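Pasting query-v4.csv here (CSV, C-alpha atoms):
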```csv
chain,number,residue,atom,x,y,z
A,1,MET,CA,81.3,-112.6,131.4
A,2,GLU,CA,78.2,-113.7,133.2
A,3,ARG,CA,77.4,-117.4,134.0
A,4,THR,CA,74.0,-119.0,134.4
A,5,LEU,CA,72.6,-122.4,135.2
A,6,VAL,CA,70.4,-124.4,132.8
A,7,ILE,CA,68.9,-127.7,133.9
A,8,LEU,CA,67.6,-129.9,131.1
A,9,LYS,CA,64.8,-131.6,133.0
A,10,PRO,CA,64.0,-135.4,132.8
A,11,GLY,CA,61.4,-134.7,130.0
A,12,ALA,CA,64.1,-133.3,127.8
A,13,LEU,CA,66.2,-136.4,128.3
A,14,GLN,CA,63.4,-138.8,127.9
A,15,ARG,CA,62.1,-137.1,124.7
A,16,GLY,CA,65.5,-137.0,123.1
A,17,LEU,CA,65.7,-133.1,123.1
A,18,VAL,CA,69.0,-132.7,124.9
A,19,GLY,CA,71.1,-132.1,121.8
A,20,GLU,CA,68.5,-129.8,120.3
A,21,VAL,CA,68.3,-127.6,123.4
A,22,ILE,CA,72.1,-127.5,123.8
A,23,SER,CA,72.5,-126.6,120.1
A,24,ARG,CA,70.2,-123.6,120.5
A,25,PHE,CA,72.4,-122.1,123.2
A,26,GLU,CA,75.5,-122.8,121.2
A,27,LYS,CA,74.1,-121.3,118.1
A,28,ARG,CA,73.1,-118.2,120.0
A,29,GLY,CA,76.8,-117.8,120.9
A,30,LEU,CA,76.8,-118.8,124.5
A,31,LYS,CA,79.8,-120.7,125.7
A,32,LEU,CA,79.4,-124.0,127.6
A,33,VAL,CA,81.8,-124.1,130.5
A,34,ALA,CA,80.5,-126.9,132.7
A,35,MET,CA,78.1,-129.8,132.1
A,36,LYS,CA,77.2,-133.1,133.9
A,37,MET,CA,74.4,-135.6,134.2
A,38,LYS,CA,72.9,-136.2,137.7
A,39,GLN,CA,70.0,-138.0,139.3
A,40,LEU,CA,68.5,-135.5,141.6
A,41,ASP,CA,67.0,-136.5,145.0
A,42,GLN,CA,64.5,-134.9,147.4
A,43,SER,CA,67.2,-133.3,149.6
A,44,ILE,CA,68.7,-131.3,146.7
A,45,LEU,CA,65.2,-130.4,145.4
A,46,ASP,CA,64.1,-129.2,148.9
A,47,VAL,CA,67.0,-126.7,148.7
A,48,HIS,CA,66.8,-125.8,145.1
A,49,TYR,CA,63.0,-125.2,145.1
A,50,ALA,CA,62.7,-124.0,148.7
A,51,HIS,CA,60.8,-121.0,147.5
A,52,LEU,CA,58.1,-123.3,146.1
A,53,LYS,CA,57.9,-125.8,149.0
A,54,GLY,CA,54.5,-124.6,150.2
A,55,LYS,CA,52.9,-124.6,146.8
A,56,PRO,CA,50.3,-127.3,146.0
A,57,PHE,CA,52.3,-128.4,142.9
A,58,PHE,CA,55.6,-128.9,144.8
A,59,PRO,CA,55.1,-132.7,145.1
A,60,TRP,CA,54.5,-133.0,141.3
A,61,LEU,CA,57.5,-130.8,140.6
A,62,CYS,CA,59.7,-133.0,142.7
A,63,SER,CA,58.3,-136.2,141.2
A,64,GLY,CA,58.9,-134.9,137.7
A,65,MET,CA,62.5,-133.8,138.5
A,66,THR,CA,63.4,-137.2,139.9
A,67,ALA,CA,61.7,-139.3,137.1
A,68,ALA,CA,65.0,-139.6,135.2
A,69,PRO,CA,68.5,-137.9,135.4
A,70,VAL,CA,68.9,-134.2,134.5
A,71,ILE,CA,71.6,-132.5,132.5
A,72,LEU,CA,73.2,-129.6,134.4
A,73,CYS,CA,74.8,-126.9,132.3
A,74,CYS,CA,76.7,-123.7,133.0
A,75,TRP,CA,76.5,-121.2,130.1
A,76,GLU,CA,78.7,-118.1,129.9
A,77,GLY,CA,78.1,-114.9,127.9
A,78,PHE,CA,77.4,-111.2,128.1
A,79,GLU,CA,74.1,-110.9,130.1
A,80,ALA,CA,73.8,-114.7,130.0
A,81,VAL,CA,71.0,-114.9,132.6
A,82,LYS,CA,68.8,-112.5,130.6
A,83,VAL,CA,69.6,-114.1,127.3
A,84,VAL,CA,68.9,-117.7,128.5
A,85,ARG,CA,65.6,-116.7,130.2
A,86,ALA,CA,64.4,-115.1,127.0
A,87,MET,CA,65.4,-118.2,125.0
A,88,ALA,CA,63.6,-120.5,127.5
A,89,GLY,CA,60.3,-118.5,127.3
A,90,SER,CA,57.5,-118.3,129.9
A,91,THR,CA,57.6,-120.8,132.7
A,92,ASN,CA,54.1,-122.0,131.7
A,93,ALA,CA,54.9,-123.4,128.3
A,94,ARG,CA,51.3,-122.8,127.1
A,95,ASN,CA,52.1,-119.1,127.3
A,96,ALA,CA,55.6,-119.3,125.8
A,97,ALA,CA,56.1,-117.8,122.5
A,98,PRO,CA,56.8,-119.9,119.5
A,99,GLY,CA,60.6,-119.9,118.8
A,100,THR,CA,61.4,-120.2,122.5
A,101,ILE,CA,62.5,-123.6,124.0
A,102,ARG,CA,59.3,-124.0,126.0
A,103,GLY,CA,57.1,-122.6,123.2
A,104,ASP,CA,58.4,-125.1,120.8
A,105,TYR,CA,58.7,-128.2,123.0
A,106,ALA,CA,56.4,-128.1,126.0
A,107,LEU,CA,52.7,-127.7,127.0
A,108,SER,CA,53.1,-127.6,130.8
A,109,ALA,CA,54.1,-125.2,133.6
A,110,GLN,CA,56.1,-127.9,135.4
A,111,GLU,CA,57.1,-130.3,132.5
A,112,ASN,CA,58.6,-127.4,130.6
A,113,ILE,CA,61.9,-128.9,129.4
A,114,VAL,CA,64.3,-126.5,131.2
A,115,HIS,CA,65.0,-124.7,134.5
A,116,THR,CA,66.9,-121.4,134.1
A,117,SER,CA,68.3,-119.1,136.7
A,118,ASP,CA,66.2,-116.0,137.2
A,119,SER,CA,68.8,-113.5,138.4
A,120,VAL,CA,72.6,-113.1,138.5
A,121,GLU,CA,72.5,-113.7,142.3
A,122,ASN,CA,70.4,-116.9,142.0
A,123,ALA,CA,72.5,-118.1,139.1
A,124,GLN,CA,75.6,-118.0,141.3
A,125,ALA,CA,73.9,-119.8,144.2
A,126,GLU,CA,72.5,-122.4,141.9
A,127,LEU,CA,75.8,-123.0,140.1
A,128,ASP,CA,77.5,-123.4,143.5
A,129,ARG,CA,74.8,-125.9,144.5
A,130,PHE,CA,75.5,-128.2,141.5
A,131,PHE,CA,79.1,-127.5,140.4
A,132,SER,CA,82.5,-127.5,142.2
A,133,PRO,CA,85.3,-125.1,141.0
A,134,GLU,CA,87.1,-128.0,139.3
A,135,ASP,CA,84.0,-128.7,137.2
A,136,TYR,CA,84.5,-125.5,135.1
A,137,CYS,CA,86.5,-125.5,132.0
A,138,ASP,CA,87.8,-122.0,131.0
A,139,TYR,CA,89.0,-121.9,127.5
A,140,PRO,CA,89.5,-119.1,124.9
A,141,SER,CA,86.9,-118.7,122.2
A,142,PRO,CA,88.1,-117.4,118.9
A,143,LEU,CA,84.5,-116.4,118.2
A,144,ASN,CA,84.3,-113.6,120.7
A,145,GLN,CA,85.4,-111.0,118.2
A,146,PHE,CA,82.4,-112.0,116.1
A,147,LEU,CA,79.9,-112.2,118.9
A,148,TYR,CA,80.6,-109.1,121.0
A,149,ALA,CA,81.6,-105.5,120.6
A,150,PRO,CA,84.8,-104.5,122.4
A,151,ASP,CA,82.9,-102.9,125.3
A,152,GLU,CA,80.8,-106.1,125.9
A,153,LYS,CA,83.8,-108.4,126.6
```

Would you write the structure of this file as structure tokens?
Amino acid sequence: MERTLVILKPGALQRGLVGEVISRFEKRGLKLVAMKMKQLDQSILDVHYAHLKGKPFFPWLCSGMTAAPVILCCWEGFEAVKVVRAMAGSTNARNAAPGTIRGDYALSAQENIVHTSDSVENAQAELDRFFSPEDYCDYPSPLNQFLYAPDEK
């Protein structure tokens, strides 16, 4: 099974949307295998968003990501990166389709409720950045037979 990172941004916490967002991933059939609350600082954001450091919006992004704690989640499932990205919707929430997390709860490109990994490789790097091996809880799910075909496990 594939794993991916979801960060529920400070706006999700401040607006009381954490349970709603987590519920969407659970209802879809993804398995939560790690979760923690953390106050991010500039040093971790410089690494996490290094690819955006030269952009004019980088200071706003960092300011928003340090405004309150975030909720870090690792979700597991077949093609989890692709599934989670589709559920999140377009990064610019004004372009996100209704029914997606951003389409239903956000109006901004930066204040867009969640960060999601954009590839399997980046998911692994991001998970390693925020979680230690002992943070993961592997447990059997009796639902797998109802979620996946035998060749998808």

Fill in: Selected residue of minimal separation from A:Ala80 among A:Phe25, A:Phe130, A:Tyr49, A:Phe146, counting only C-alpha atoms
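Among the listed residues, A:Phe25 lies closest to A:Ala80.
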
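When all atoms listed in the file are used to measure the gap to A:Val18, the shortest distance among A:Val70, A:Ala125, A:Met87, A:Cys137 belongs to A:Val70.
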
Discussion item. I want to know what sits within 6 Å of stretch 7-11 of chain A, based on all atoms listed in the file, with residues of the same chain fewer than 3 positions away left out; could you give that as an MDAnalysis selection string?
Written reply: chainID A and resid 14:15 68:72 113:115

Produce a table with one row for each residue of stretch 74-118 of chain A that has an atom at most 10 Å from any atom of stretch 28-32 of chain A, each row naming the nearest atom pair and its distance in Å at one decimal; use all atoms listed in the file; arrange rows by chain and rising residue number; format as a tab-separated table.
```
residue	atom	partner	partner_atom	distance
A:Cys74	CA	A:Leu32	CA	6.0
A:Trp75	CA	A:Leu32	CA	4.7
A:Glu76	CA	A:Lys31	CA	5.1
A:Gly77	CA	A:Leu30	CA	5.3
A:Phe78	CA	A:Leu30	CA	8.4
A:Ala80	CA	A:Leu30	CA	7.5
A:Val83	CA	A:Leu30	CA	9.0
A:Val84	CA	A:Leu30	CA	8.9
A:Met87	CA	A:Arg28	CA	9.2
```

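For the choices A:Ser43, A:Ser132, A:Ser63, A:Asn144, the atom-to-atom distance to A:Gln110 is smallest for A:Ser63 when using only C-alpha atoms.
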
Worksheet item: If we count only C-alpha atoms, what is near A:Gly99 at a cut-off of 10 Å, once residues fewer than 6 positions away on the same chain are taken out, given as a ChimeraX atom specification?
Response: /A:87-89,105

Worksheet item: Looking at all atoms listed in the file, which of A:Ser23, A:Leu13, A:Val33, A:Tyr139 is the one that sits closest to A:Leu127?
Response: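 With all atoms listed in the file as the atom set, the closest residue is A:Val33.
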
Practice prompt. Determine the nearest neighbour of A:Asp135 from the options A:Met65, A:Asp151, A:Lys36, A:Ala93, counting all atoms listed in the file.
Written response: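 Using all atoms listed in the file, A:Asp135 sits closest to A:Lys36.
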
Worksheet item: Between A:Leu5, A:Val81, A:Leu147, A:Ile101, which has the minimum distance to A:Glu126 (counting only C-alpha atoms)?
Response: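 That would be A:Leu5, the residue with the smallest distance to A:Glu126.
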
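Atom CA of A:Asn92 lies 15.0 Å from atom CA of A:Gly64.
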
Worksheet item: Between atom CA of A:Leu107 and atom CA of A:Ile22, what is the distance, to one decimal in Å?
Response: 19.7 Å

Worksheet item: So what do you get for atom CA of A:Arg3 versus atom CA of A:Glu121, distance-wise?
Response: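 Separation of atom CA of A:Arg3 and atom CA of A:Glu121: 10.3 Å.
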
What's around A:Leu45 at 10 Å? Count all atoms listed in the file, leave out sequence neighbours fewer than 4 positions away in its own chain, and write the answer as a CSV table (one decimal) with C-alpha atoms, in the coordinates of the input.
```csv
chain,number,residue,atom,x,y,z
A,40,LEU,CA,68.5,-135.5,141.6
A,41,ASP,CA,67.0,-136.5,145.0
A,49,TYR,CA,63.0,-125.2,145.1
A,50,ALA,CA,62.7,-124.0,148.7
A,53,LYS,CA,57.9,-125.8,149.0
A,58,PHE,CA,55.6,-128.9,144.8
A,61,LEU,CA,57.5,-130.8,140.6
A,62,CYS,CA,59.7,-133.0,142.7
A,63,SER,CA,58.3,-136.2,141.2
A,65,MET,CA,62.5,-133.8,138.5
A,66,THR,CA,63.4,-137.2,139.9
```

Fix up stretch 23-34 of chain A with all heavy atoms, then write it as a short mmCIF file (atom, residue, chain, number, x, y, z; two decimals), in the coordinates of the input.
```
data_model
loop_
_atom_site.label_atom_id
_atom_site.label_comp_id
_atom_site.auth_asym_id
_atom_site.auth_seq_id
_atom_site.Cartn_x
_atom_site.Cartn_y
_atom_site.Cartn_z
N SER A 23 72.13 -127.26 121.42
CA SER A 23 72.50 -126.60 120.10
C SER A 23 71.93 -125.22 120.04
O SER A 23 72.60 -124.33 119.49
CB SER A 23 71.91 -127.50 119.01
OG SER A 23 72.15 -126.90 117.77
N ARG A 24 70.76 -124.97 120.56
CA ARG A 24 70.20 -123.60 120.50
C ARG A 24 71.06 -122.62 121.28
O ARG A 24 71.30 -121.51 120.80
CB ARG A 24 68.77 -123.60 121.09
CG ARG A 24 67.75 -124.19 120.16
CD ARG A 24 66.39 -124.11 120.82
NE ARG A 24 65.36 -124.61 119.92
CZ ARG A 24 64.20 -124.00 119.73
NH1 ARG A 24 63.91 -122.88 120.37
NH2 ARG A 24 63.31 -124.52 118.92
N PHE A 25 71.53 -123.02 122.46
CA PHE A 25 72.40 -122.10 123.20
C PHE A 25 73.73 -121.92 122.52
O PHE A 25 74.25 -120.79 122.49
CB PHE A 25 72.60 -122.66 124.65
CG PHE A 25 71.35 -122.67 125.48
CD1 PHE A 25 70.87 -123.85 126.02
CD2 PHE A 25 70.64 -121.50 125.73
CE1 PHE A 25 69.71 -123.86 126.79
CE2 PHE A 25 69.49 -121.50 126.50
CZ PHE A 25 69.03 -122.69 127.03
N GLU A 26 74.28 -122.96 121.95
CA GLU A 26 75.50 -122.80 121.20
C GLU A 26 75.38 -121.93 120.01
O GLU A 26 76.22 -121.06 119.76
CB GLU A 26 76.02 -124.21 120.75
CG GLU A 26 76.55 -125.09 121.85
CD GLU A 26 76.96 -126.47 121.35
OE1 GLU A 26 76.27 -127.04 120.49
OE2 GLU A 26 78.00 -126.96 121.82
N LYS A 27 74.32 -122.14 119.25
CA LYS A 27 74.10 -121.30 118.10
C LYS A 27 73.88 -119.87 118.38
O LYS A 27 74.22 -118.99 117.57
CB LYS A 27 72.92 -121.88 117.25
CG LYS A 27 73.22 -123.19 116.56
CD LYS A 27 72.00 -123.75 115.87
CE LYS A 27 72.31 -125.10 115.24
NZ LYS A 27 71.10 -125.73 114.69
N ARG A 28 73.32 -119.60 119.54
CA ARG A 28 73.10 -118.20 120.00
C ARG A 28 74.44 -117.52 120.26
O ARG A 28 74.56 -116.32 120.18
CB ARG A 28 72.18 -118.18 121.17
CG ARG A 28 71.83 -116.79 121.66
CD ARG A 28 70.89 -116.07 120.70
NE ARG A 28 70.71 -114.69 121.05
CZ ARG A 28 69.70 -114.21 121.77
NH1 ARG A 28 68.76 -115.03 122.20
NH2 ARG A 28 69.62 -112.93 122.04
N GLY A 29 75.46 -118.33 120.60
CA GLY A 29 76.80 -117.80 120.90
C GLY A 29 77.21 -117.92 122.33
O GLY A 29 78.29 -117.48 122.70
N LEU A 30 76.39 -118.55 123.16
CA LEU A 30 76.80 -118.80 124.50
C LEU A 30 77.86 -119.87 124.59
O LEU A 30 77.94 -120.73 123.72
CB LEU A 30 75.57 -119.21 125.37
CG LEU A 30 74.52 -118.11 125.53
CD1 LEU A 30 73.20 -118.69 125.99
CD2 LEU A 30 75.01 -117.04 126.49
N LYS A 31 78.67 -119.80 125.61
CA LYS A 31 79.80 -120.70 125.70
C LYS A 31 79.51 -121.70 126.89
O LYS A 31 79.23 -121.29 128.02
CB LYS A 31 81.06 -119.91 126.06
CG LYS A 31 82.32 -120.70 126.22
CD LYS A 31 83.47 -119.70 126.44
CE LYS A 31 84.67 -120.34 127.03
NZ LYS A 31 85.72 -119.35 127.33
N LEU A 32 79.56 -122.99 126.60
CA LEU A 32 79.40 -124.00 127.60
C LEU A 32 80.65 -124.20 128.38
O LEU A 32 81.69 -124.53 127.80
CB LEU A 32 78.97 -125.34 126.90
CG LEU A 32 78.64 -126.53 127.80
CD1 LEU A 32 77.43 -126.25 128.67
CD2 LEU A 32 78.40 -127.76 126.94
N VAL A 33 80.60 -123.97 129.69
CA VAL A 33 81.80 -124.10 130.50
C VAL A 33 81.77 -125.17 131.55
O VAL A 33 82.78 -125.48 132.17
CB VAL A 33 82.18 -122.71 131.17
CG1 VAL A 33 82.53 -121.68 130.10
CG2 VAL A 33 81.09 -122.20 132.07
N ALA A 34 80.59 -125.77 131.76
CA ALA A 34 80.50 -126.90 132.70
C ALA A 34 79.20 -127.68 132.30
O ALA A 34 78.18 -127.07 131.95
CB ALA A 34 80.45 -126.50 134.11
#
```
